Every structure is written in C-alpha cells, then in structure tokens.
Number of protein chains: 2
Amino acid sequence: MKGAASPSRGRSRGKGALRPIRWRSGALWLLEQRLLPLREKWVRTDSLEKVAKAIEDMTVRGAPAIGITAAYGVALAGKRSRAKTAPVFQREMEKAIARLRRTRPTAVNLFWALDRMQKTLDRVRQAPLAAQKKSLESEALQIHREDEALCEKLGRWGALALKGKKNILTHCNTGALATGGAGTALAAITALGRQNPRLHVWVDETRPYLQGARLTAYEIAHAGIDFHLITDNMAAALMAQGKVDAVIVGADRIVVNGDTANKIGTYGLAVLAHQHRIPFYVSAPSTTLDLTKKTGREIVIEERGSREVTHPQGVAITRGDYPVFNPAFDVTPGRLITGIILEGGLVGPPYAKNLPRAVGRRLRP
Amino acid sequence: MKGAASPSRGRSRGKGALRPIRWRSGALWLLEQRLLPLREKWVRTDSLEKVAKAIEDMTVRGAPAIGITAAYGVALAGKRSRAKTAPVFQREMEKAIARLRRTRPTAVNLFWALDRMQKTLDRVRQAPLAAQKKSLESEALQIHREDEALCEKLGRWGALALKGKKNILTHCNTGALATGGAGTALAAITALGRQNPRLHVWVDETRPYLQGARLTAYEIAHAGIDFHLITDNMAAALMAQGKVDAVIVGADRIVVNGDTANKIGTYGLAVLAHQHRIPFYVSAPSTTLDLTKKTGREIVIEERGSREVTHPQGVAITRGDYPVFNPAFDVTPGRLITGIILEGGLVGPPYAKNLPRAVGRRLRP
C-alpha cells in the first residue's frame with residue numbers, strides 16, 4: 001500500500017501541530033497510540049468496522065478524539081455504501097451509528113458526536129444519496145474543526161492563567177492525542193511554550209496506564225518544550241524544593257461546586273499543591289460541566305481491572321493474582337482548585353456561583 | 001547440584017517467617033530478589049566473588065541484608081582459604097573485605113558489618129587458623145542474629161503503636177527481604193497481623209523500582225495478611241474516603257529534629273496523612289539516626305539513572321532517551337511524623353529533645 005507509512009507524505013517529522021486524526025482522500029488515518037512513543041505507526045482505516053475496532057482497542061483514546069473518530073466512521077460508512085435507495089442508505093447508516101455506539105460505553109463525547117451525525121442524517125433524508133454522503137462528511141469535518149477551535153481557546157486562556165510560570169507540572173495526557181486540536185491542559189502548556197522558550201514541564205508518568213510517560217512526553221518532545229519525566233510520587237519533593245510553579249490538569253467531569261473528577265492521582269497533586277501554595281488549574285471544555293450534580297460525592301468512580309497495575313504495557317511486574325485496587329479517577333474538591341479554564345475564560349471560586357454563570361456567557365480571549 | 005532448588009529442603013512453602021539469607025553447610029543461600037514474586041529461586045553462593053556479585057547485582061538488597069550478606073562473604077572467604085600461615089590468611093581476608101567494600105558504595109550497614117569482621121580478624125590474629133575461620137563464621141552468624149532480634153523489637157513496638165488500626169498503608173519494602181529478620185516497618189505490620197486476623201494492608205507499588213509491588217506484596221502474601229496493591233498516586237483518594245487508618249514506613253536516615261530521608265514518595269504520603277489526620281509512623285533501628293545533622297536540609301539525596309523510570313523490570317514503557325529526574329529518596333519533616341519507632345521504643349515529638357535521649361536508654365517491649 002503506497003504511502004501507508006504516513007498520511008502526511010513525509011511531513012510528520014516537522015515540529016508543526018501534532019494531528020493524530022487525519023481525513024485524507026476518503027480514508028481516516030490514525031496515529032497508533034498504543035505504540036507511542038516507541039513507534040510512530042499510522043493506521044489507515046477505510047471501513048466502518050476498522051474505525052470501530054480502532055476505538056475499541058484504544059488505537060485512539062481521549063473522549064473528544066473518540067467522538068471525532070466515530071463521526072468520521074459514520075462518514076466513511078456513507079462513502080463506502082453501495083445502497084441504491086435512500087431508505088436502504090438510511091438503514092445502513094443507522095446500523096453504522098449503532099455499531100459505533102457499542103465501542104466505548106462510557107465516553108460521553110462518543111454519544112454526543114454520534115447524535116450529531118444522526119441529526120444530520122435526519123436533516124438530509126430527502127436529498128439525493130450523493131448529497132447525503134457529502135453532508136455526513138461535512139458534519140464530521142465540522143465536529144473536528146469545532147474541537148480544534150475549542151482547544152485553541154482553552155490553550156489561549158490557559159497560557160494567560162499560567163503567564164510567567166516557568167516550571168509547570170501536569171498529569172495524564174490532555175493534548176492533541178486526546179482531542180481534535182491542541183488539547184485542554186496541555187494546550188495551555190504548548191501555547192505558553194510558544195511565548196516562553198525557557199518553559200520547563202514536569203511530566204507525571206501517570207500510573208497505571210502511563211499516559212504521561214507514553215503520550216504527554218511524546219507530545220511535549222514534539223512541541224520542542226524542555227521537560228523531565230517523573231514518577232507520580234516525586235511531585236511532592238519537587239514542590240517542597242520550590243521546583244513547581246503551577247500545576248495544570250484536565251477533567252473528566254466538573255460539578256457545580258467545582259469538584260472535579262479526573263485521572264487517579266489528581267486529588268493528591270491538588271492537596272500537595274495547596275499545602276505548598278502552588279496554583280492548581282483545571283482545563284476542560286464546558287461540555288465537561290455536569291451542573292446536575294451539586295458535589296463530587298455524587299460522581300461514580302469507575303474501577304478498572306488489575307492487569308493495568310500488575311502488567312504495565314503487558315509485561316508482568318508482579319504476580320497477576322495479587323489483589324489490586326484500581327480506581328480510574330479521583331475527585332478533587334473545588335476548594336483546592338485555583339481556577340477552572342473553560343473555552344469561555346478562566347473561572348475562579350466560588351464555583352457554585354461562577355460556573356453556572358460562566359456557561360451562560362462566552363468571553364473572547 | 002542436588003538440593004540446589006532450595007536450602008530449606010521443601011519447607012519453603014510454609015507460612016513461617018520468611019528467611020531469604022541462609023547459612024547452610026558452609027554456603028550462603030540467597031533468595032533471588034530480582035525474580036520475586038514471579039519466581040522463587042535460591043542462589044547458592046559458595047565463594048567470595050559470588051557473594052560480592054550477589055550484592056552488586058541486587059540479588060540481595062536492603063541495607064541490613066547487605067551488611068549481613070557481606071559478613072557471611074568474609075566468613076566464606078575464610079572457610080575456602082587454603083592459606084597455610086596466619087599472615088597469608090590475614091592478607092587474604094583483608095583483600096576479601098576490600099572487595100566487599102566496593103560492592104555498594106553508599107550502604108552504611110555494609111561498612112559497619114565489614115568493620116566488625118575486620119575487628120574480629122584483628123582480635124584472633126594470634127589464634128590457630130582453624131580457630132580464626134571459626135571466629136569469622138561466628139561473628140557473621142552473630143551479626144545476623146542481632147539484626148533478627150532488633151527486628152523483633154521493632155515489630156513489637158510498631159504493633160503496639162498501630163494497635164487497633166485496621167487499614168495500614170505502607171511504602172517500599174522494609175521486611176524480611178531487606179533485613180536479617182522480620183524487617184522494620186513491615187515487622188510492625190506482620191506482628192499486628194498475628195494479633196488481628198482482619199488486618200488489611202494497602203501496598204504502594206513504589207515506583208520506580210517497584211519494591212512494593214514485587215517484594216512487599218510477596219511478603220504480605222507470605223504472611224497470610226489481607227492486602228491490595230495500589231499505584232502510589234491512589235493513596236490520597238483512599239485517605240479521603242477514610243480507608244487508611246495509619247501509615248508506616250522505614251527510614252534511610254533520621255536526623256536530630258526527626259527529619260527523615262526515605263524512599264521517594266514518603267514525603268508526599270506524610271503530607272497527605274497529615275492533611276487527613278492519619279497517624280504517620282517511621283520505624284528504623286537506632287543505627288539509622290544521624291545525630292550529627294540538625295535538619296533534613298543537610299541530607300544529600302542520591303539521584304539514580306533514568307532507566308528505572310523508562311524501563312521498569314527492563315522493559316521499555318517509553319523512550320529511553322527522554323529526560324528523566326529520578327531522586328531515590330525524599331526528606332519528610334519531623335513535624336509530619338506522629339512517632340518514630342526505634343528498637344528501644346516509640347519516640348514522639350519534640351524529636352530534637354527526645355531522639356538524643358532515646359538513644360541513651362533502651363526500653364523493653
């Protein structure tokens with residue numbers, strides 16, 4: 001398969017924006033995240049089933065990235081369809097959407113993106129088949145572009161919040177590999193890096209799944225920003241030595257009082273930052289806000305299997321039959337969060353008052 | 001080699017005390033710690049060079065365990081010597097001691113144990129060769145026995161300090177695999193486990209070298225105590241949920257004001273325990289006290305290579321050329337420590353007053 005090594009025809013080594021999801025000549029190219037950073041392999045997905053499998057096996061991960069990939073999956077199913085009539089086409093597309101819905105049952109953005117594709121389908125129901133196919137493709141591209149613009153806003157507001165800080169610590173992966181653009185928390189860091197060439201980042205490896213060691217380190221190296229990889233338990237000592245000026249993380253869910261569910265380890269970092277008087281920021285799109293919940297106590301935390309702990313990257317570091325506790329997330333109380341960066345701007349405490357208000361208006365960076 | 005699989009002739013599966021250093025019929029048997037817990041392999045070391053290599057390659061680790069192993073190494077060199085005259089024998093022994101001194105340059109117990117062997121050698125200089133050899137063997141056995149007795153005292157005092165606690169969290173490995181007896185902090189846990197069959201332990205995996213996941217989990221399972229392995233960044237969430245009743249760790253060095261150098265990650269745990277009002281204990285023999293230093297700022301922290309972080313158990317989880325910061329230890333301020341357990345008893349704050357006093361007297365548990 002000519003050109004299968006990369007969709008960008010030799011441009012992947014440049015220091016431009018990292019774009020791991022690419023729609024090129026009717027196929028979706030995905031940067032295989034499970035092999036990063038040891039190998040940069042591009043996967044060409046040219047069928048609905050290949051896209052669904054890429055989501056299931058975590059070739060692509062990160063809630064916004066999953067949603068975008070699924071939207072392209074529907075567009076691809078449309079493009080490949082041999083249906084001769086609108087009803088047959090519509091049935092095929094609905095089956096495609098249903099298949100994609102089953103890939104990752106808890107990813108909110110997945111359902112949101114597929115709902116948009118379904119609405120597009122409903123809207124163009126009466127159009128000629130070629131136009132329907134075109135509309136599905138346009139909608140997927142639009143979803144991707146919107147996320148890109150949103151990430152850019154998060155990056156600009158984030159860089160403003162972090163202005164003047166030299167040593168930033170981050171946890172998990174919240175960059176281009178998790179979204180359709182520059183990311184959330186990591187977008188702030190890369191935006192700040194463009195302003196300050198002396199910026200230095202402490203990258204938490206983020207056990208158990210090692211998103212920091214594998215993906216964030218890769219992204220920060222790609223961006224040409226100075227960094228050191230650390231194990232999660234080193235952050236405290238660095239803070240005590242005055243080597244951390246700010247912490248910024250992403251969020252999986254933020255409730256009314258600012259309580260934030262995010263990757264396990266976030267809460268400990270927030271307590272430590274608070275004790276060392278280091279500002280602690282959360283960056284997330286406003287779709288992450290769950291204003292139906294008053295406090296973090298209402299958030300249900302997913303527990304995952306033991307093998308992520310006992311077999312990092314599939315290799316046994318201890319016995320597989322030892323009992324393991326593996327919560328995927330923890331909840332950081334809003335009172336430990338200096339500010340929440342949304343696409344509309346930086347929101348400070350009291351969150352119960354300011355978060356609902358922030359969703360109403362949109363500031364321009 | 002008949003019986004090479006185990007020095008204990010079939011008794012190794014029992015739930016008795018774990019004894020990973022065994023002197024049997026003129027050879028030293030070591031439980032190969034680098035393979036634990038995946039494989040229980042015993043290494044028969046029957047020459048000075050084999051003992052030295054076992055220390056260098058970390059077949060045996062943990063400061064007291066290294067000291068004991070080195071002492072047996074001198075005894076072994078004596079036993080194997082073919083010297084016919086005292087001066088030749090003495091020269092051989094001094095070369096053996098010098099060889100062992102070069103194995104791990106920073107292990108305090110190593111030098112202490114080798115100094116004792118040298119003094120023994122000096123004392124029996126005039127005796128017949130057979131008696132000299134016997135004295136070296138006796139001294140090594142004595143060093144081992146003394147450490148065993150010391151661990152037992154630490155265990156008894158520690159269990160007293162932890163009395164009534166159900167969920168204990170510990171970090172790194174401080175048990176039989178690190179000492180000549182039941183350990184320091186882990187001795188308290190196993191002693192408490194004999195009193196309370198409902199005891200439950202949270203075992204920090206202890207990145208980067210994974211002493212918790214590999215060695216402490218193995219020891220706690222061996223002791224038949226209920227436990228869960230966790231990644232280091234999970235402790236904070238467990239504390240917030242009221243699932244940790246006490247934390248106990250070992251120490252590499254304790255200075256006058258109670259500031260304690262210990263495995264990286266200890267300081268963060270101490271801050272978190274303090275914030276959640278959870279008692280935080282340190283257990284160590286009084287030889288760990290360094291009363292020449294007033295505060296932890298005077299302690300030099302060893303930085304180790306990047307591969308422990310990028311290649312746990314030798315397997316790449318990320319690129320080996322990424323910059324890594326890997327301090328082996330951190331310093332926990334005495335003000336965060338509820339009590340320090342020495343073989344003489346539990347010492348509470350103010351440490352600057354109580355630690356020097358505690359070294360003067362020895363209480364009986």
# chains A, B, ... in the order shown; residues from 1 in each chain; ligands from 1

$ closest_atom_pairs --of "chain B" --to "chain A" --cutoff "9 Å" --atoms "only C-alpha atoms" --output "JSON lines"
{"residue": "B:Leu36", "atom": "CA", "partner": "A:Thr318", "partner_atom": "CA", "distance": 7.6}
{"residue": "B:Pro37", "atom": "CA", "partner": "A:Thr318", "partner_atom": "CA", "distance": 6.0}
{"residue": "B:Leu38", "atom": "CA", "partner": "A:Arg319", "partner_atom": "CA", "distance": 5.8}
{"residue": "B:Trp202", "atom": "CA", "partner": "A:Phe325", "partner_atom": "CA", "distance": 9.0}
{"residue": "B:Glu205", "atom": "CA", "partner": "A:Val309", "partner_atom": "CA", "distance": 8.7}
{"residue": "B:Thr206", "atom": "CA", "partner": "A:Asn233", "partner_atom": "CA", "distance": 8.1}
{"residue": "B:Arg207", "atom": "CA", "partner": "A:Thr231", "partner_atom": "CA", "distance": 6.4}
{"residue": "B:Pro208", "atom": "CA", "partner": "A:Thr231", "partner_atom": "CA", "distance": 6.6}
{"residue": "B:Leu210", "atom": "CA", "partner": "A:Ile317", "partner_atom": "CA", "distance": 7.9}
{"residue": "B:Ala213", "atom": "CA", "partner": "A:Thr318", "partner_atom": "CA", "distance": 6.0}
{"residue": "B:Arg214", "atom": "CA", "partner": "A:Thr318", "partner_atom": "CA", "distance": 5.3}
{"residue": "B:Leu215", "atom": "CA", "partner": "A:Thr318", "partner_atom": "CA", "distance": 8.8}
{"residue": "B:Ala217", "atom": "CA", "partner": "A:Tyr322", "partner_atom": "CA", "distance": 7.6}
{"residue": "B:Tyr218", "atom": "CA", "partner": "A:Arg319", "partner_atom": "CA", "distance": 8.7}
{"residue": "B:Ala221", "atom": "CA", "partner": "A:Tyr322", "partner_atom": "CA", "distance": 8.2}
{"residue": "B:Asp226", "atom": "CA", "partner": "A:Pro323", "partner_atom": "CA", "distance": 8.9}
{"residue": "B:Phe227", "atom": "CA", "partner": "A:Pro323", "partner_atom": "CA", "distance": 6.8}
{"residue": "B:His228", "atom": "CA", "partner": "A:Val324", "partner_atom": "CA", "distance": 4.9}
{"residue": "B:Leu229", "atom": "CA", "partner": "A:Val324", "partner_atom": "CA", "distance": 4.7}
{"residue": "B:Ile230", "atom": "CA", "partner": "A:Phe325", "partner_atom": "CA", "distance": 5.7}
{"residue": "B:Thr231", "atom": "CA", "partner": "A:Arg207", "partner_atom": "CA", "distance": 6.4}
{"residue": "B:Asp232", "atom": "CA", "partner": "A:Asn233", "partner_atom": "CA", "distance": 6.2}
{"residue": "B:Asn233", "atom": "CA", "partner": "A:Gly265", "partner_atom": "CA", "distance": 4.5}
{"residue": "B:Met234", "atom": "CA", "partner": "A:Gly265", "partner_atom": "CA", "distance": 5.9}
{"residue": "B:Ala235", "atom": "CA", "partner": "A:Gly268", "partner_atom": "CA", "distance": 7.8}
{"residue": "B:Ala236", "atom": "CA", "partner": "A:Gly268", "partner_atom": "CA", "distance": 4.9}
{"residue": "B:Ala237", "atom": "CA", "partner": "A:Asp330", "partner_atom": "CA", "distance": 6.1}
{"residue": "B:Ile264", "atom": "CA", "partner": "A:Met234", "partner_atom": "CA", "distance": 6.3}
{"residue": "B:Gly265", "atom": "CA", "partner": "A:Asn233", "partner_atom": "CA", "distance": 4.5}
{"residue": "B:Thr266", "atom": "CA", "partner": "A:Asn233", "partner_atom": "CA", "distance": 8.1}
{"residue": "B:Tyr267", "atom": "CA", "partner": "A:Ala236", "partner_atom": "CA", "distance": 6.6}
{"residue": "B:Gly268", "atom": "CA", "partner": "A:Ala236", "partner_atom": "CA", "distance": 4.9}
{"residue": "B:Leu269", "atom": "CA", "partner": "A:Asn233", "partner_atom": "CA", "distance": 8.6}
{"residue": "B:Val271", "atom": "CA", "partner": "A:Leu272", "partner_atom": "CA", "distance": 7.1}
{"residue": "B:Leu272", "atom": "CA", "partner": "A:Val271", "partner_atom": "CA", "distance": 7.1}
{"residue": "B:Gln275", "atom": "CA", "partner": "A:Val271", "partner_atom": "CA", "distance": 8.0}
{"residue": "B:Val309", "atom": "CA", "partner": "A:Thr231", "partner_atom": "CA", "distance": 7.0}
{"residue": "B:Thr310", "atom": "CA", "partner": "A:Ala213", "partner_atom": "CA", "distance": 7.9}
{"residue": "B:Pro312", "atom": "CA", "partner": "A:Ile317", "partner_atom": "CA", "distance": 7.7}
{"residue": "B:Gln313", "atom": "CA", "partner": "A:Ile317", "partner_atom": "CA", "distance": 6.6}
{"residue": "B:Val315", "atom": "CA", "partner": "A:Val315", "partner_atom": "CA", "distance": 7.5}
{"residue": "B:Ala316", "atom": "CA", "partner": "A:Leu38", "partner_atom": "CA", "distance": 8.3}
{"residue": "B:Ile317", "atom": "CA", "partner": "A:Gln313", "partner_atom": "CA", "distance": 6.6}
{"residue": "B:Thr318", "atom": "CA", "partner": "A:Arg214", "partner_atom": "CA", "distance": 5.3}
{"residue": "B:Arg319", "atom": "CA", "partner": "A:Leu38", "partner_atom": "CA", "distance": 5.8}
{"residue": "B:Tyr322", "atom": "CA", "partner": "A:Leu229", "partner_atom": "CA", "distance": 7.3}
{"residue": "B:Pro323", "atom": "CA", "partner": "A:His228", "partner_atom": "CA", "distance": 5.0}
{"residue": "B:Val324", "atom": "CA", "partner": "A:Leu229", "partner_atom": "CA", "distance": 4.7}
{"residue": "B:Phe325", "atom": "CA", "partner": "A:Ile230", "partner_atom": "CA", "distance": 5.7}
{"residue": "B:Asn326", "atom": "CA", "partner": "A:Ile230", "partner_atom": "CA", "distance": 6.8}
{"residue": "B:Pro327", "atom": "CA", "partner": "A:Met234", "partner_atom": "CA", "distance": 7.8}
{"residue": "B:Phe329", "atom": "CA", "partner": "A:Ala237", "partner_atom": "CA", "distance": 8.9}
{"residue": "B:Asp330", "atom": "CA", "partner": "A:Ala237", "partner_atom": "CA", "distance": 6.1}
{"residue": "B:Val331", "atom": "CA", "partner": "A:Ala237", "partner_atom": "CA", "distance": 7.6}
{"residue": "B:Thr332", "atom": "CA", "partner": "A:Ala237", "partner_atom": "CA", "distance": 8.9}

$ closest_atom_pairs --of "range 114-208 of chain B" --to "range 77-95 of chain B" --cutoff "8 Å" --atoms "only C-alpha atoms" --output "tab-separated table"
residue	atom	partner	partner_atom	distance
B:Gln118	CA	B:Glu94	CA	7.6
B:Leu121	CA	B:Gln90	CA	7.5
B:Arg125	CA	B:Ala86	CA	7.3
B:Gln126	CA	B:Ala86	CA	7.8
B:Pro128	CA	B:Ala86	CA	7.7
B:Leu129	CA	B:Ala86	CA	6.4
B:Lys133	CA	B:Gly78	CA	5.3
B:Leu136	CA	B:Gly78	CA	7.2

$ closest_residue --among "A:Ala113, A:Ile66, A:Ala358, A:Val255" --to "Glu139 in chain A" --atoms "only C-alpha atoms"
A:Ala113

$ closest_residue --among "A:Arg357, A:Arg277, A:Arg123, A:His311" --to "Leu291 in chain A" --atoms "only C-alpha atoms"
A:Arg357

$ residues_around --residues "range 170-178 of chain B" --least-positions-apart "3" --cutoff "8 Å" --atoms "only C-alpha atoms" --output "short mmCIF file (atom, residue, chain, number, x, y, z; two decimals) with C-alpha atoms, in the first residue's frame"
data_model
loop_
_atom_site.label_atom_id
_atom_site.label_comp_id
_atom_site.auth_asym_id
_atom_site.auth_seq_id
_atom_site.Cartn_x
_atom_site.Cartn_y
_atom_site.Cartn_z
CA LEU B 18 10.50 -15.55 55.52
CA ARG B 19 14.27 -16.05 55.74
CA PRO B 20 15.89 -15.05 52.48
CA GLN B 33 15.06 -10.90 44.87
CA VAL B 60 20.11 -9.20 47.75
CA ARG B 61 19.19 -5.61 48.68
CA GLY B 62 18.16 -3.57 51.74
CA ALA B 63 20.87 -2.05 53.91
CA PRO B 64 20.81 -4.53 56.84
CA ALA B 65 20.53 -7.51 54.48
CA GLY B 181 14.83 -10.62 60.49
CA ALA B 182 11.21 -9.57 60.13
CA GLY B 183 12.11 -6.04 58.99
CA THR B 184 11.40 -2.59 60.34
CA ALA B 185 8.03 -1.05 59.31
CA LEU B 186 6.85 -4.31 57.80
CA ALA B 187 7.76 -6.14 61.02
CA VAL B 201 -2.72 -3.52 54.13
CA TRP B 202 -2.54 -1.09 51.21
CA VAL B 203 0.73 -1.81 49.45
CA ASP B 204 2.14 1.13 47.44
CA GLU B 205 3.79 -0.28 44.34
CA THR B 206 6.67 2.17 44.95
CA LEU B 210 8.60 -1.33 42.39
CA GLN B 211 9.79 -2.69 45.74
CA GLY B 212 6.17 -2.63 46.96
CA LEU B 215 8.66 -7.53 47.39
CA THR B 216 6.21 -6.17 49.96
CA GLU B 219 5.99 -10.73 51.93
CA VAL B 247 0.78 4.85 57.52
CA ILE B 248 4.06 3.21 58.47
CA VAL B 249 7.33 3.42 56.56
CA GLY B 250 11.01 2.73 57.10
CA LYS B 263 12.28 6.15 49.59
CA GLY B 265 7.20 9.18 47.72
CA THR B 266 7.40 9.09 51.50
#

$ select_by_dssp --residues "range 292-345 of chain B" --states "strand (DSSP E or B)" --output "list of chain:residue names"
B:Glu303, B:Val324, B:Pro327, B:Phe329, B:Asp330, B:Val331, B:Thr332, B:Gly339, B:Ile340, B:Ile341, B:Leu342, B:Gly345

$ write_last_selection --atoms "N, CA, C and O atoms" --output "tab-separated table (two decimals), in the first residue's frame"
chain	number	residue	atom	x	y	z
B	303	GLU	N	20.68	10.73	43.27
B	303	GLU	CA	19.87	10.65	42.04
B	303	GLU	C	20.32	9.45	41.24
B	303	GLU	O	21.51	9.21	41.07
B	324	VAL	N	14.82	12.33	32.30
B	324	VAL	CA	14.14	11.81	33.49
B	324	VAL	C	14.79	12.40	34.72
B	324	VAL	O	16.00	12.59	34.75
B	327	PRO	N	15.21	11.06	41.69
B	327	PRO	CA	15.80	11.06	43.04
B	327	PRO	C	15.35	9.79	43.78
B	327	PRO	O	14.19	9.41	43.73
B	329	PHE	N	15.43	9.22	47.03
B	329	PHE	CA	14.83	9.46	48.34
B	329	PHE	C	14.22	10.85	48.40
B	329	PHE	O	14.47	11.69	47.53
B	330	ASP	N	13.39	11.08	49.42
B	330	ASP	CA	12.99	12.44	49.73
B	330	ASP	C	13.08	12.61	51.24
B	330	ASP	O	13.39	11.65	51.97
B	331	VAL	N	12.88	13.82	51.71
B	331	VAL	CA	13.02	14.10	53.14
B	331	VAL	C	11.67	14.52	53.71
B	331	VAL	O	11.03	15.45	53.21
B	332	THR	N	11.22	13.81	54.72
B	332	THR	CA	9.97	14.12	55.40
B	332	THR	C	10.28	14.90	56.68
B	332	THR	O	11.04	14.41	57.51
B	339	GLY	N	5.19	9.48	65.16
B	339	GLY	CA	6.10	8.82	66.09
B	339	GLY	C	7.17	8.06	65.33
B	339	GLY	O	6.95	7.60	64.21
B	340	ILE	N	8.35	7.96	65.96
B	340	ILE	CA	9.45	7.20	65.37
B	340	ILE	C	9.68	5.97	66.24
B	340	ILE	O	9.90	6.09	67.45
B	341	ILE	N	9.59	4.80	65.61
B	341	ILE	CA	9.73	3.55	66.34
B	341	ILE	C	11.17	3.07	66.23
B	341	ILE	O	11.65	2.79	65.13
B	342	LEU	N	11.86	3.05	67.36
B	342	LEU	CA	13.23	2.51	67.41
B	342	LEU	C	13.18	1.18	68.17
B	342	LEU	O	12.14	0.84	68.75
B	345	GLY	N	11.96	1.64	71.64
B	345	GLY	CA	10.58	2.07	71.93
B	345	GLY	C	10.13	3.18	71.00
B	345	GLY	O	10.87	3.62	70.11

$ select_by_dssp --residues "range 147-211 of chain A" --states "helix (DSSP H, G or I)" --output "list in words"
Asp147, Glu148, Ala149, Leu150, Cys151, Glu152, Lys153, Leu154, Gly155, Arg156, Trp157, Gly158, Ala159, Leu160, Ala161, Ala185, Leu186, Ala187, Ala188, Ile189, Thr190, Ala191, Leu192, Gly193, Arg194, Gln195 and Gln211 of chain A

$ atom_distance --atom1 "CA of Glu56 in chain B" --atom2 "CA of Arg104 in chain B"
6.4 Å

$ atom_distance --atom1 "CA of Gly164 in chain A" --atom2 "CA of Lys243 in chain A"
14.2 Å

$ atom_distance --atom1 "CA of Trp157 in chain B" --atom2 "CA of Gln195 in chain B"
13.3 Å

$ residues_around --residues "Gly242 in chain A" --least-positions-apart "6" --cutoff "10 Å" --atoms "only C-alpha atoms" --output "PyMOL selection string"
chain A and resi 167+276+278

$ write_last_selection --atoms "C-alpha atoms" --output "PDB file, in the first residue's frame"
ATOM      1  CA  ASN A 167       8.053  25.114  35.857  1.00  0.00           C
ATOM      2  CA  HIS A 276       2.905  24.275  49.075  1.00  0.00           C
ATOM      3  CA  ILE A 278       1.226  26.412  44.290  1.00  0.00           C
TER       4      ILE A 278
END

$ closest_residue --among "A:Glu137, A:Glu302, A:Glu308, A:Asp122" --to "Ala70 in chain A" --atoms "only C-alpha atoms"
A:Glu137

$ residues_around --residues "Ile337 in chain A" --least-positions-apart "3" --cutoff "9 Å" --atoms "only C-alpha atoms" --output "list in words"
Gly258, Asp259, Thr260, Ala270, His274, Pro279, Phe280, Tyr281, Val282, Thr332, Pro333, Gly334, Ile340, Gly348 and Pro349 of chain A

$ closest_residue --among "B:Val300, B:Ile68, B:Ala191, B:Val256" --to "Arg145 in chain B" --atoms "only C-alpha atoms"
B:Ile68

$ residues_around --residues "range 43-45 of chain B" --least-positions-apart "5" --cutoff "8 Å" --atoms "only C-alpha atoms" --output "PDB file with C-alpha atoms, in the first residue's frame"
ATOM      1  CA  ALA B   4      20.107 -26.533  44.665  1.00  0.00           C
ATOM      2  CA  ALA B  27      27.499 -21.968  51.806  1.00  0.00           C
ATOM      3  CA  LEU B  28      25.305 -18.904  51.734  1.00  0.00           C
ATOM      4  CA  TRP B  29      21.882 -19.319  50.131  1.00  0.00           C
ATOM      5  CA  LEU B  30      20.130 -16.199  48.893  1.00  0.00           C
ATOM      6  CA  LEU B  31      16.569 -15.848  47.672  1.00  0.00           C
ATOM      7  CA  GLU B  32      16.996 -14.148  44.260  1.00  0.00           C
ATOM      8  CA  LYS B  50      29.753 -14.909  44.114  1.00  0.00           C
ATOM      9  CA  VAL B  51      28.688 -13.118  47.305  1.00  0.00           C
TER      10      VAL B  51
END

$ closest_residue --among "B:Ala223, B:Ala284, B:Ala107, B:Leu192" --to "Gly16 in chain B" --atoms "only C-alpha atoms"
B:Ala223

$ residues_around --residues "Glu146 in chain A" --least-positions-apart "6" --cutoff "10 Å" --atoms "only C-alpha atoms" --output "PyMOL selection string"
chain A and resi 140+152+180-181
